[in-house]
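Enquirer: Can you keep this structure in mind? I'll have questions shortly.
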Amino acid sequence: MSEPVIICRDVHKWYGQFHALRGIDLEVDKGEVIVIFGPSGSGKSTFIRTINRLEEHQQGTIIVNGIELSHDVRNIAAIRKEVGMVFQQFNLFPHLAVMQNITLGPIQVRKWKKKKAEEIAMQLLERVGIPEQAEKYPGQLSGGQQQRVAIARALAMQPQIMLFDEPTSALDPEMIKEVLDVMVELAESGMTILAVTHEMGFARAVADRMLFMDAGSIVESGPPSQIFENPQEDRTKLFLSQILQH
Amino acid sequence: MTTTASTTQGEVLPPPTERYTVLGWLKKNLFGSWLDAILTILAALFIAWAVYTGANWVFKTARWDVIVNNFALFMKGQYPTEEAWRLWLVIYLAAAIGGLMWGVFVRSREMAGWLLLILPLLFALAALALGSNVWINVLLIDVVALVAYFLGRTFPKQLQRPTITLLLLYLPLILLIVRGFGENGFMPQVGTNFWGGLLLSLLLAIIGIVFSFPIGVLLALGRQSELKAIHWLSVIYIEVIRGVPLVTLLFMGMVMLPYVLPAGLRIDNFIRVAVAIVMFAAAYLAENVRGGLQSIPKGQYEAADAIALGGFAKMTRIILPQALRAVIPVLVGQFIGLFKDTSLVALVGLFDLLGIARAVLANPNYIGTQLEVYTFIALVYWVFSYGLSYASKRLETSLGVGER
């Protein structure tokens, strides 16, 4: 393998006095699928949000696609172009139709022609299974459909890396599957993925590596087989026993 | 579960309706108890008395000749009569743009019919009855508006941009037409001291709205800025202006400015009050827009950041469209207030609608007609304010598509 696409070295973050990230070290190779899980407040969302600078880290180094995240706005913009993100609350733009939601980034940032952007948006909508919703507004769609539009919107920028921040946590049970199906397809297509999620079925099926985070640190990491069958740390065991009980 | 579901599905019950006869309704709502009955009768007596006195005054006592004889004065002040066609041209333009906007953006048929057919006919009839030849113009303006409306309805997509361009060009265009150019010739210059009446009120209001809007939006954004200098300048401007009554600003512009300016430099009165009004309105508008900005969830900013939108695109494409839409009702309320506030320029000696009213009342021929004159200008203010309020309600409905 060549150079890792994401390199994090000793990443720290504080919210006021609260030490949210306590020295994260991680290297992600191209095409790797990583699932991050852990109790609420453990810093997992904060961590993946530092990768595209939605949160600023105060110490340590983050290098994405060979570019180091610094205060330089150009670096931040360059990294954000290559990193797509899907949010728990979808965060679609409610005043724009689905098609405009998807094409806005490519047209404004990638400077594509409108026609090209719309063609690619249409292909993406077909890929996530809702080509017929292109002219609707987000408010007219179900949660699952909105989240699939959000995935298409992130993919439209043709990113190297996709970040998922609890993408199914705000969904009704019957809609979780349609979103996970899209994510599985994406993982199998070779996309580099970092996903914060507690969908253990998804993790078992496609994750190359799982990270268990607690209190701002990565407590344990390893392939799903090891994490599920033979966890090394007591905290991992305890957490898994709690979420897998039912 | 399944059985109950299937049985209720079979027999769909209509919602219960309550049927009243007229007498039943009266009994329930107006004469339910002794107290109700007494209150109903008292209220009915009061209404009857008010209607009788009102009608008696309107049709018998009131001397409407003060309005009829001075109608042109109320509408245009001292603007020369031989140049009045230019004002008609301004109205024709407004009718064309209004019709286009209605056709392109609102697209509702029934209200257009009411506004464009019946109302102008009433105006025209009134003018005809008063022996004025205004009715031809009223009808022609109506025709222009109707044609524009149908054009807009038929080609909404193609006409969207031209309509917005026309709207943006309207103010400079009408200022050019009203003011004119050159000494003689086709459109000789008419100094601002000749502008008056409703013409002056409307011009001040339009200028106030058009200029205060971008300034107010910039101030609101400035107040949110992370750059400390911009933030504090915006805050200071907004708080200072909001702490001062508009009349004070107007007096400062009219009385104090000449002392501050170098000798010999005189700024037109019209421009002075217009600047004061714009400055005043911008500060209030900034606070309203700030309310809209604060209603936008953090996730919208993050989503825009995540697709690498730059600061400008983020604001103009994502944040402002939502923030402004959220505050349309407030902004319209503010614009209506602004239109009515222009009447304060009468206090610093300009002859807007209110100023003309005071001048007319000072004429010995019309002593004792305060009630007629003030009723009339109140009616004019009301017609325009309500029209604006109504149009904005329709605009909101048609912009509301796809709102979360």
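If you're wondering about the labels, chains in the structure tokens are A, B, ... by order shown, residues count from 1 in each chain, ligands from 1 in order shown.
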Could you name the residues that touch Leu250 in chain B at 12 Å or less, counting only C-alpha atoms, but leaving out those on the same chain fewer than 5 positions away, as a JSON list (two decimals) with N, CA and C atoms, in the first residue's frame?

Expert:
[["chain", "number", "residue", "atom", "x", "y", "z"],
["B", 244, "VAL", "N", -32.23, 56.48, 18.93],
["B", 244, "VAL", "CA", -32.59, 57.86, 18.59],
["B", 244, "VAL", "C", -33.89, 57.85, 17.80],
["B", 245, "PRO", "N", -34.84, 58.74, 18.11],
["B", 245, "PRO", "CA", -36.08, 58.77, 17.30],
["B", 245, "PRO", "C", -35.79, 59.29, 15.89],
["B", 255, "VAL", "N", -31.22, 70.64, 10.16],
["B", 255, "VAL", "CA", -30.80, 71.84, 10.88],
["B", 255, "VAL", "C", -29.31, 71.83, 11.19],
["B", 256, "MET", "N", -28.81, 70.67, 11.61],
["B", 256, "MET", "CA", -27.42, 70.65, 12.06],
["B", 256, "MET", "C", -26.43, 70.47, 10.92],
["B", 257, "LEU", "N", -26.82, 69.74, 9.91],
["B", 257, "LEU", "CA", -25.90, 69.43, 8.82],
["B", 257, "LEU", "C", -25.28, 70.69, 8.21],
["B", 269, "ASN", "N", -32.51, 69.11, 0.24],
["B", 269, "ASN", "CA", -33.36, 68.67, 1.37],
["B", 269, "ASN", "C", -33.85, 67.24, 1.21],
["B", 270, "PHE", "N", -34.26, 66.95, -0.03],
["B", 270, "PHE", "CA", -34.78, 65.61, -0.29],
["B", 270, "PHE", "C", -33.74, 64.55, 0.05],
["B", 271, "ILE", "N", -32.51, 64.79, -0.40],
["B", 271, "ILE", "CA", -31.45, 63.81, -0.14],
["B", 271, "ILE", "C", -31.19, 63.71, 1.36],
["B", 272, "ARG", "N", -31.22, 64.84, 2.06],
["B", 272, "ARG", "CA", -30.97, 64.79, 3.50],
["B", 272, "ARG", "C", -31.97, 63.91, 4.22],
["B", 273, "VAL", "N", -33.26, 64.13, 3.94],
["B", 273, "VAL", "CA", -34.24, 63.31, 4.68],
["B", 273, "VAL", "C", -34.17, 61.86, 4.20],
["B", 274, "ALA", "N", -33.89, 61.67, 2.89],
["B", 274, "ALA", "CA", -33.81, 60.29, 2.40],
["B", 274, "ALA", "C", -32.68, 59.55, 3.11],
["B", 275, "VAL", "N", -31.53, 60.21, 3.26],
["B", 275, "VAL", "CA", -30.41, 59.56, 3.94],
["B", 275, "VAL", "C", -30.77, 59.24, 5.39],
["B", 276, "ALA", "N", -31.42, 60.20, 6.05],
["B", 276, "ALA", "CA", -31.81, 59.96, 7.45],
["B", 276, "ALA", "C", -32.74, 58.75, 7.54],
["B", 277, "ILE", "N", -33.71, 58.68, 6.62],
["B", 277, "ILE", "CA", -34.66, 57.56, 6.65],
["B", 277, "ILE", "C", -33.94, 56.24, 6.39],
["B", 278, "VAL", "N", -33.04, 56.22, 5.40],
["B", 278, "VAL", "CA", -32.31, 54.99, 5.09],
["B", 278, "VAL", "C", -31.47, 54.55, 6.28],
["B", 279, "MET", "N", -30.75, 55.49, 6.88],
["B", 279, "MET", "CA", -29.90, 55.15, 8.03],
["B", 279, "MET", "C", -30.73, 54.55, 9.15],
["B", 280, "PHE", "N", -31.86, 55.18, 9.39],
["B", 280, "PHE", "CA", -32.73, 54.74, 10.48],
["B", 280, "PHE", "C", -33.27, 53.34, 10.20],
["B", 341, "ASP", "N", -43.83, 56.20, 8.43],
["B", 341, "ASP", "CA", -42.88, 57.11, 9.09],
["B", 341, "ASP", "C", -42.44, 58.26, 8.20],
["B", 342, "THR", "N", -42.55, 58.07, 6.87],
["B", 342, "THR", "CA", -42.13, 59.17, 5.99],
["B", 342, "THR", "C", -42.97, 60.41, 6.27],
["B", 343, "SER", "N", -44.14, 60.25, 6.91],
["B", 343, "SER", "CA", -44.97, 61.42, 7.19],
["B", 343, "SER", "C", -44.27, 62.37, 8.16],
["B", 344, "LEU", "N", -43.23, 61.86, 8.86],
["B", 344, "LEU", "CA", -42.51, 62.73, 9.79],
["B", 344, "LEU", "C", -41.74, 63.83, 9.07],
["B", 345, "VAL", "N", -41.48, 63.65, 7.76],
["B", 345, "VAL", "CA", -40.72, 64.70, 7.07],
["B", 345, "VAL", "C", -41.54, 65.98, 6.99],
["B", 346, "ALA", "N", -42.85, 65.89, 7.19],
["B", 346, "ALA", "CA", -43.67, 67.10, 7.22],
["B", 346, "ALA", "C", -43.22, 68.02, 8.36],
["B", 347, "LEU", "N", -42.70, 67.41, 9.43],
["B", 347, "LEU", "CA", -42.29, 68.20, 10.59],
["B", 347, "LEU", "C", -41.04, 69.02, 10.32],
["B", 348, "VAL", "N", -40.24, 68.59, 9.33],
["B", 348, "VAL", "CA", -39.05, 69.39, 9.02],
["B", 348, "VAL", "C", -39.27, 70.21, 7.76],
["B", 349, "GLY", "N", -40.55, 70.38, 7.40],
["B", 349, "GLY", "CA", -40.87, 71.36, 6.37],
["B", 349, "GLY", "C", -40.98, 70.82, 4.95],
["B", 350, "LEU", "N", -41.00, 69.49, 4.79],
["B", 350, "LEU", "CA", -41.22, 68.98, 3.44],
["B", 350, "LEU", "C", -42.71, 68.77, 3.22]]

Enquirer: With only C-alpha atoms counted and 10 Å as the cut-off, give the residues of chain B in contact with chain A, each with its shortest interatomic distance in Å and the pair that gives it, as CSV.

Expert:
residue,atom,partner,partner_atom,distance
B:Pro297,CA,A:Asn91,CA,8.9
B:Lys298,CA,A:Asn91,CA,9.1
B:Gly299,CA,A:Asn91,CA,5.5
B:Gln300,CA,A:Asn91,CA,5.8
B:Tyr301,CA,A:Asn91,CA,9.0
B:Glu302,CA,A:Leu54,CA,6.7
B:Ala303,CA,A:Asn91,CA,6.0
B:Ala304,CA,A:Gly105,CA,8.3
B:Asp305,CA,A:Leu54,CA,7.5
B:Ala306,CA,A:Arg80,CA,6.0
B:Ile307,CA,A:Gly105,CA,5.7
B:Ala308,CA,A:Arg80,CA,5.1
B:Leu309,CA,A:Val109,CA,6.2
B:Gly310,CA,A:Val109,CA,7.9
B:Ala313,CA,A:Gln108,CA,7.5
B:Lys314,CA,A:Gln108,CA,9.9
B:Arg317,CA,A:Leu104,CA,8.7
B:Ile318,CA,A:Phe93,CA,7.0
B:Ile319,CA,A:Phe93,CA,9.3
B:Pro321,CA,A:His95,CA,7.6
B:Gln322,CA,A:His95,CA,6.7
B:Arg325,CA,A:His95,CA,9.3
B:Leu399,CA,A:His95,CA,9.4
B:Gly400,CA,A:His95,CA,8.8
B:Val401,CA,A:Tyr137,CA,8.0
B:Gly402,CA,A:Tyr137,CA,4.9
B:Glu403,CA,A:Pro94,CA,6.1
B:Arg404,CA,A:Gly139,CA,4.8

Enquirer: Only N, CA, C and O atoms, please: the residues just picked out, written as a short mmCIF file (atom, residue, chain, number, x, y, z; two decimals), in the first residue's frame.

Expert:
data_model
loop_
_atom_site.label_atom_id
_atom_site.label_comp_id
_atom_site.auth_asym_id
_atom_site.auth_seq_id
_atom_site.Cartn_x
_atom_site.Cartn_y
_atom_site.Cartn_z
N PRO B 297 -30.32 26.67 11.82
CA PRO B 297 -29.61 25.71 12.66
C PRO B 297 -28.13 25.61 12.27
O PRO B 297 -27.75 25.82 11.13
N LYS B 298 -27.31 25.25 13.26
CA LYS B 298 -25.87 25.13 13.06
C LYS B 298 -25.57 24.11 11.96
O LYS B 298 -24.60 24.26 11.22
N GLY B 299 -26.41 23.10 11.86
CA GLY B 299 -26.19 22.05 10.86
C GLY B 299 -26.13 22.58 9.45
O GLY B 299 -25.44 22.01 8.60
N GLN B 300 -26.84 23.68 9.17
CA GLN B 300 -26.82 24.25 7.82
C GLN B 300 -25.44 24.82 7.50
O GLN B 300 -24.93 24.66 6.40
N TYR B 301 -24.83 25.47 8.49
CA TYR B 301 -23.48 25.99 8.29
C TYR B 301 -22.51 24.82 8.07
O TYR B 301 -21.64 24.87 7.20
N GLU B 302 -22.69 23.77 8.90
CA GLU B 302 -21.76 22.64 8.83
C GLU B 302 -21.89 21.92 7.50
O GLU B 302 -20.89 21.52 6.89
N ALA B 303 -23.14 21.76 7.04
CA ALA B 303 -23.33 21.07 5.77
C ALA B 303 -22.70 21.86 4.64
O ALA B 303 -22.08 21.30 3.73
N ALA B 304 -22.82 23.19 4.70
CA ALA B 304 -22.21 24.03 3.67
C ALA B 304 -20.69 23.92 3.74
O ALA B 304 -20.02 23.81 2.72
N ASP B 305 -20.15 23.91 4.97
CA ASP B 305 -18.71 23.74 5.12
C ASP B 305 -18.26 22.39 4.57
O ASP B 305 -17.23 22.28 3.93
N ALA B 306 -19.06 21.37 4.86
CA ALA B 306 -18.65 20.01 4.51
C ALA B 306 -18.55 19.83 2.99
O ALA B 306 -17.77 19.00 2.53
N ILE B 307 -19.34 20.60 2.20
CA ILE B 307 -19.16 20.49 0.75
C ILE B 307 -18.23 21.59 0.25
O ILE B 307 -18.21 21.91 -0.92
N ALA B 308 -17.45 22.17 1.18
CA ALA B 308 -16.36 23.08 0.83
C ALA B 308 -16.83 24.40 0.22
O ALA B 308 -16.08 25.06 -0.47
N LEU B 309 -18.09 24.80 0.47
CA LEU B 309 -18.54 26.10 -0.02
C LEU B 309 -17.73 27.20 0.64
O LEU B 309 -17.46 27.14 1.84
N GLY B 310 -17.36 28.21 -0.12
CA GLY B 310 -16.66 29.34 0.46
C GLY B 310 -17.60 30.21 1.26
O GLY B 310 -18.82 30.04 1.20
N ALA B 313 -20.40 32.05 -0.91
CA ALA B 313 -21.43 31.15 -1.43
C ALA B 313 -22.29 30.60 -0.29
O ALA B 313 -23.51 30.47 -0.42
N LYS B 314 -21.64 30.32 0.84
CA LYS B 314 -22.38 29.79 1.98
C LYS B 314 -23.46 30.79 2.41
O LYS B 314 -24.61 30.43 2.63
N ARG B 317 -26.05 31.50 -0.81
CA ARG B 317 -26.83 30.37 -1.32
C ARG B 317 -27.58 29.61 -0.23
O ARG B 317 -28.62 29.02 -0.48
N ILE B 318 -27.00 29.56 0.96
CA ILE B 318 -27.59 28.70 2.00
C ILE B 318 -28.22 29.52 3.12
O ILE B 318 -29.40 29.37 3.44
N ILE B 319 -27.44 30.41 3.73
CA ILE B 319 -27.89 31.02 4.97
C ILE B 319 -28.89 32.15 4.71
O ILE B 319 -30.02 32.13 5.22
N PRO B 321 -30.79 33.07 2.07
CA PRO B 321 -32.12 32.75 1.52
C PRO B 321 -33.07 32.22 2.59
O PRO B 321 -34.24 32.58 2.63
N GLN B 322 -32.54 31.39 3.49
CA GLN B 322 -33.41 30.85 4.54
C GLN B 322 -33.71 31.90 5.60
O GLN B 322 -34.84 32.01 6.08
N ARG B 325 -36.15 34.53 4.21
CA ARG B 325 -37.49 34.00 4.07
C ARG B 325 -38.19 33.92 5.43
O ARG B 325 -39.36 34.22 5.55
N LEU B 399 -43.70 31.50 -1.99
CA LEU B 399 -42.30 31.17 -1.70
C LEU B 399 -42.19 29.99 -0.74
O LEU B 399 -41.14 29.41 -0.58
N GLY B 400 -43.31 29.66 -0.11
CA GLY B 400 -43.26 28.68 0.98
C GLY B 400 -43.07 27.25 0.53
O GLY B 400 -42.95 26.36 1.36
N VAL B 401 -43.00 27.02 -0.79
CA VAL B 401 -42.91 25.65 -1.28
C VAL B 401 -41.71 24.94 -0.68
O VAL B 401 -40.61 25.47 -0.67
N GLY B 402 -41.94 23.70 -0.19
CA GLY B 402 -40.83 22.88 0.25
C GLY B 402 -40.22 23.32 1.56
O GLY B 402 -39.14 22.90 1.91
N GLU B 403 -40.93 24.18 2.29
CA GLU B 403 -40.37 24.60 3.57
C GLU B 403 -40.44 23.45 4.54
O GLU B 403 -41.35 22.66 4.54
N ARG B 404 -39.39 23.43 5.39
CA ARG B 404 -39.31 22.36 6.37
C ARG B 404 -40.32 22.59 7.47
O ARG B 404 -40.50 23.70 7.90
#

Enquirer: Can you pull out every residue within 7 Å of range 113-124 of chain A, counting only C-alpha atoms, but drop anything in the same chain fewer than 3 positions away, and send it as a list in words?

Expert: Met99, Ile102, Thr103, Pro106, Ile107, Arg127, Val128, Pro131, Ala152 and Ala156 of chain A

Enquirer: Hey, can you spit out that residue selection with all heavy atoms as an mmCIF file, in the first residue's frame?

Expert:
data_model
loop_
_atom_site.group_PDB
_atom_site.id
_atom_site.type_symbol
_atom_site.label_atom_id
_atom_site.label_comp_id
_atom_site.auth_asym_id
_atom_site.auth_seq_id
_atom_site.Cartn_x
_atom_site.Cartn_y
_atom_site.Cartn_z
ATOM 1 N N MET A 99 -32.307 18.022 -6.406
ATOM 2 C CA MET A 99 -31.300 18.174 -7.458
ATOM 3 C C MET A 99 -30.328 19.312 -7.132
ATOM 4 O O MET A 99 -29.113 19.166 -7.267
ATOM 5 C CB MET A 99 -32.021 18.419 -8.788
ATOM 6 C CG MET A 99 -31.114 18.633 -9.972
ATOM 7 S SD MET A 99 -29.950 17.271 -10.204
ATOM 8 C CE MET A 99 -30.909 16.146 -11.194
ATOM 9 N N ILE A 102 -27.818 18.574 -4.440
ATOM 10 C CA ILE A 102 -26.693 17.741 -4.850
ATOM 11 C C ILE A 102 -25.726 18.509 -5.746
ATOM 12 O O ILE A 102 -24.513 18.359 -5.639
ATOM 13 C CB ILE A 102 -27.213 16.471 -5.572
ATOM 14 C CG1 ILE A 102 -28.113 15.690 -4.606
ATOM 15 C CG2 ILE A 102 -26.061 15.602 -6.042
ATOM 16 C CD1 ILE A 102 -28.776 14.503 -5.223
ATOM 17 N N THR A 103 -26.261 19.378 -6.623
ATOM 18 C CA THR A 103 -25.386 20.009 -7.613
ATOM 19 C C THR A 103 -24.721 21.284 -7.095
ATOM 20 O O THR A 103 -23.781 21.765 -7.721
ATOM 21 C CB THR A 103 -26.161 20.357 -8.898
ATOM 22 O OG1 THR A 103 -27.266 21.185 -8.547
ATOM 23 C CG2 THR A 103 -26.641 19.124 -9.606
ATOM 24 N N PRO A 106 -20.753 20.784 -6.465
ATOM 25 C CA PRO A 106 -20.008 20.636 -7.722
ATOM 26 C C PRO A 106 -19.986 21.909 -8.568
ATOM 27 O O PRO A 106 -18.942 22.259 -9.114
ATOM 28 C CB PRO A 106 -20.751 19.510 -8.440
ATOM 29 C CG PRO A 106 -21.342 18.707 -7.350
ATOM 30 C CD PRO A 106 -21.676 19.670 -6.252
ATOM 31 N N ILE A 107 -21.131 22.617 -8.651
ATOM 32 C CA ILE A 107 -21.158 23.813 -9.495
ATOM 33 C C ILE A 107 -20.350 24.939 -8.858
ATOM 34 O O ILE A 107 -19.544 25.594 -9.512
ATOM 35 C CB ILE A 107 -22.618 24.262 -9.748
ATOM 36 C CG1 ILE A 107 -23.334 23.236 -10.623
ATOM 37 C CG2 ILE A 107 -22.643 25.632 -10.423
ATOM 38 C CD1 ILE A 107 -24.815 23.498 -10.817
ATOM 39 N N ARG A 127 -28.123 5.607 -8.036
ATOM 40 C CA ARG A 127 -27.305 4.727 -7.204
ATOM 41 C C ARG A 127 -27.902 4.579 -5.804
ATOM 42 O O ARG A 127 -27.884 3.488 -5.227
ATOM 43 C CB ARG A 127 -25.900 5.313 -7.108
ATOM 44 C CG ARG A 127 -24.888 4.405 -6.467
ATOM 45 C CD ARG A 127 -23.488 4.918 -6.748
ATOM 46 N NE ARG A 127 -22.519 4.254 -5.878
ATOM 47 C CZ ARG A 127 -21.267 4.686 -5.727
ATOM 48 N NH1 ARG A 127 -20.854 5.761 -6.378
ATOM 49 N NH2 ARG A 127 -20.442 4.052 -4.932
ATOM 50 N N VAL A 128 -28.434 5.670 -5.242
ATOM 51 C CA VAL A 128 -29.041 5.556 -3.911
ATOM 52 C C VAL A 128 -30.520 5.207 -3.988
ATOM 53 O O VAL A 128 -31.215 5.149 -2.977
ATOM 54 C CB VAL A 128 -28.851 6.846 -3.072
ATOM 55 C CG1 VAL A 128 -27.378 7.147 -2.880
ATOM 56 C CG2 VAL A 128 -29.553 8.024 -3.708
ATOM 57 N N PRO A 131 -34.203 8.122 -7.938
ATOM 58 C CA PRO A 131 -34.125 9.086 -9.050
ATOM 59 C C PRO A 131 -35.415 9.878 -9.234
ATOM 60 O O PRO A 131 -35.383 11.003 -9.736
ATOM 61 C CB PRO A 131 -33.832 8.203 -10.266
ATOM 62 C CG PRO A 131 -34.330 6.856 -9.891
ATOM 63 C CD PRO A 131 -34.114 6.740 -8.414
ATOM 64 N N ALA A 152 -25.858 11.168 -1.464
ATOM 65 C CA ALA A 152 -25.620 11.558 -2.856
ATOM 66 C C ALA A 152 -24.970 12.931 -2.926
ATOM 67 O O ALA A 152 -24.071 13.170 -3.744
ATOM 68 C CB ALA A 152 -26.944 11.551 -3.628
ATOM 69 N N ALA A 156 -21.390 13.640 -4.654
ATOM 70 C CA ALA A 156 -21.343 14.453 -5.870
ATOM 71 C C ALA A 156 -20.040 15.231 -5.975
ATOM 72 O O ALA A 156 -19.604 15.578 -7.062
ATOM 73 C CB ALA A 156 -22.525 15.421 -5.905
#

Enquirer: What does the distance from CA of Val179 in chain A to CA of Asp25 in chain A come to in Å, to one decimal?

Expert: 29.4 Å

Enquirer: Can you tell me, as an mmCIF file with all heavy atoms, in the first residue's frame, what residues are no more than 7 Å from range 144-147 of chain B when counting only C-alpha atoms, ignoring any on the same chain fewer than 4 positions away?

Expert:
data_model
loop_
_atom_site.group_PDB
_atom_site.id
_atom_site.type_symbol
_atom_site.label_atom_id
_atom_site.label_comp_id
_atom_site.auth_asym_id
_atom_site.auth_seq_id
_atom_site.Cartn_x
_atom_site.Cartn_y
_atom_site.Cartn_z
ATOM 1 N N ALA B 95 -47.240 49.420 -12.960
ATOM 2 C CA ALA B 95 -48.292 48.457 -13.301
ATOM 3 C C ALA B 95 -47.702 47.294 -14.091
ATOM 4 O O ALA B 95 -48.026 46.123 -13.840
ATOM 5 C CB ALA B 95 -49.387 49.144 -14.105
ATOM 6 N N ALA B 96 -46.813 47.597 -15.036
ATOM 7 C CA ALA B 96 -46.215 46.543 -15.847
ATOM 8 C C ALA B 96 -45.402 45.597 -14.971
ATOM 9 O O ALA B 96 -45.539 44.367 -15.057
ATOM 10 C CB ALA B 96 -45.331 47.153 -16.933
ATOM 11 N N GLY B 98 -45.550 45.236 -11.648
ATOM 12 C CA GLY B 98 -46.434 44.551 -10.707
ATOM 13 C C GLY B 98 -47.155 43.387 -11.369
ATOM 14 O O GLY B 98 -47.223 42.283 -10.825
ATOM 15 N N GLY B 99 -47.693 43.634 -12.578
ATOM 16 C CA GLY B 99 -48.396 42.568 -13.301
ATOM 17 C C GLY B 99 -47.467 41.401 -13.591
ATOM 18 O O GLY B 99 -47.820 40.236 -13.375
ATOM 19 N N LEU B 116 -57.270 43.280 -10.503
ATOM 20 C CA LEU B 116 -56.961 43.931 -11.774
ATOM 21 C C LEU B 116 -58.207 44.330 -12.552
ATOM 22 O O LEU B 116 -58.139 45.160 -13.443
ATOM 23 C CB LEU B 116 -56.094 43.020 -12.642
ATOM 24 C CG LEU B 116 -54.678 42.821 -12.119
ATOM 25 C CD1 LEU B 116 -53.943 41.793 -12.932
ATOM 26 C CD2 LEU B 116 -53.933 44.136 -12.150
ATOM 27 N N LEU B 140 -56.217 52.368 -18.882
ATOM 28 C CA LEU B 140 -55.048 51.951 -19.658
ATOM 29 C C LEU B 140 -53.997 51.282 -18.769
ATOM 30 O O LEU B 140 -53.403 50.268 -19.140
ATOM 31 C CB LEU B 140 -54.435 53.161 -20.367
ATOM 32 C CG LEU B 140 -55.162 53.586 -21.648
ATOM 33 C CD1 LEU B 140 -54.515 54.822 -22.240
ATOM 34 C CD2 LEU B 140 -55.178 52.447 -22.660
ATOM 35 N N LEU B 151 -48.731 37.757 -19.681
ATOM 36 C CA LEU B 151 -47.407 37.415 -20.208
ATOM 37 C C LEU B 151 -46.618 36.632 -19.160
ATOM 38 O O LEU B 151 -46.018 35.588 -19.449
ATOM 39 C CB LEU B 151 -46.640 38.689 -20.575
ATOM 40 C CG LEU B 151 -46.866 39.238 -21.983
ATOM 41 C CD1 LEU B 151 -46.129 40.556 -22.150
ATOM 42 C CD2 LEU B 151 -46.404 38.227 -23.024
#

Enquirer: Using only C-alpha atoms, which residue out of B:Tyr79, B:Tyr390, B:Trp102, B:Phe155 lies closest to Val332 in chain B?

Expert: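 Of B:Tyr79, B:Tyr390, B:Trp102, B:Phe155, the one nearest Val332 in chain B, counting only C-alpha atoms, is B:Tyr390.
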
Enquirer: As a JSON list (two decimals) with C-alpha atoms, in the first residue's frame, please: the residues near Gly201 in chain A (cut-off 12 Å, only C-alpha atoms, same-chain neighbours under 2 positions excluded).

Expert:
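Final output, around01.json:
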[["chain", "number", "residue", "atom", "x", "y", "z"],
["A", 35, "VAL", "CA", -16.28, 1.80, 12.16],
["A", 176, "ILE", "CA", -32.33, 2.20, 8.64],
["A", 177, "LYS", "CA", -31.95, -0.67, 6.20],
["A", 180, "LEU", "CA", -27.29, 0.85, 5.37],
["A", 181, "ASP", "CA", -27.76, -0.84, 1.99],
["A", 184, "VAL", "CA", -22.63, -1.29, 2.22],
["A", 197, "THR", "CA", -22.27, 4.03, 14.14],
["A", 198, "HIS", "CA", -23.70, 1.40, 16.42],
["A", 199, "GLU", "CA", -25.06, -0.70, 13.57],
["A", 203, "ALA", "CA", -19.66, -3.28, 11.05],
["A", 204, "ARG", "CA", -19.48, -7.07, 10.95],
["A", 205, "ALA", "CA", -20.33, -7.13, 7.23],
["A", 206, "VAL", "CA", -18.01, -4.49, 5.78],
["A", 207, "ALA", "CA", -15.62, -3.03, 8.38],
["A", 224, "PRO", "CA", -14.54, -7.08, 13.59],
["A", 228, "PHE", "CA", -16.78, -9.24, 18.57],
["A", 244, "LEU", "CA", -25.70, -6.53, 22.12]]

Enquirer: Can you list, as a ChimeraX atom specification, every protein, DNA or RNA residue that comes within 12 Å of Val143 in chain B when you count only C-alpha atoms, leaving out same-chain residues fewer than 5 positions away?

Expert: /B:92,95-96,99,116-117,120-121,136-138,148-150

Enquirer: Just list the residues in range 28-267 of chain B DSSP gives alpha helix (DSSP H) on the backbone, as a count of residues only.

Expert: 168

Enquirer: What lies within 10 Å of range 229-240 of chain B using only C-alpha atoms, ignoring chain neighbours under 2 positions off, as an MDAnalysis selection string?

Expert: chainID B and resid 216 218:227 242:244 279:280 282:287

Enquirer: Quote the spacing between CA of Leu338 in chain B and CA of Leu324 in chain B in Å to one decimal place.

Expert: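 These atoms are spaced 18.1 Å apart.
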
Enquirer: What is the distance between CA of Leu100 in chain B and CA of Trp88 in chain B, in Å to one decimal?

Expert: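 Taking CA of Leu100 in chain B as the start and CA of Trp88 in chain B as the end point, the length is 18.3 Å.
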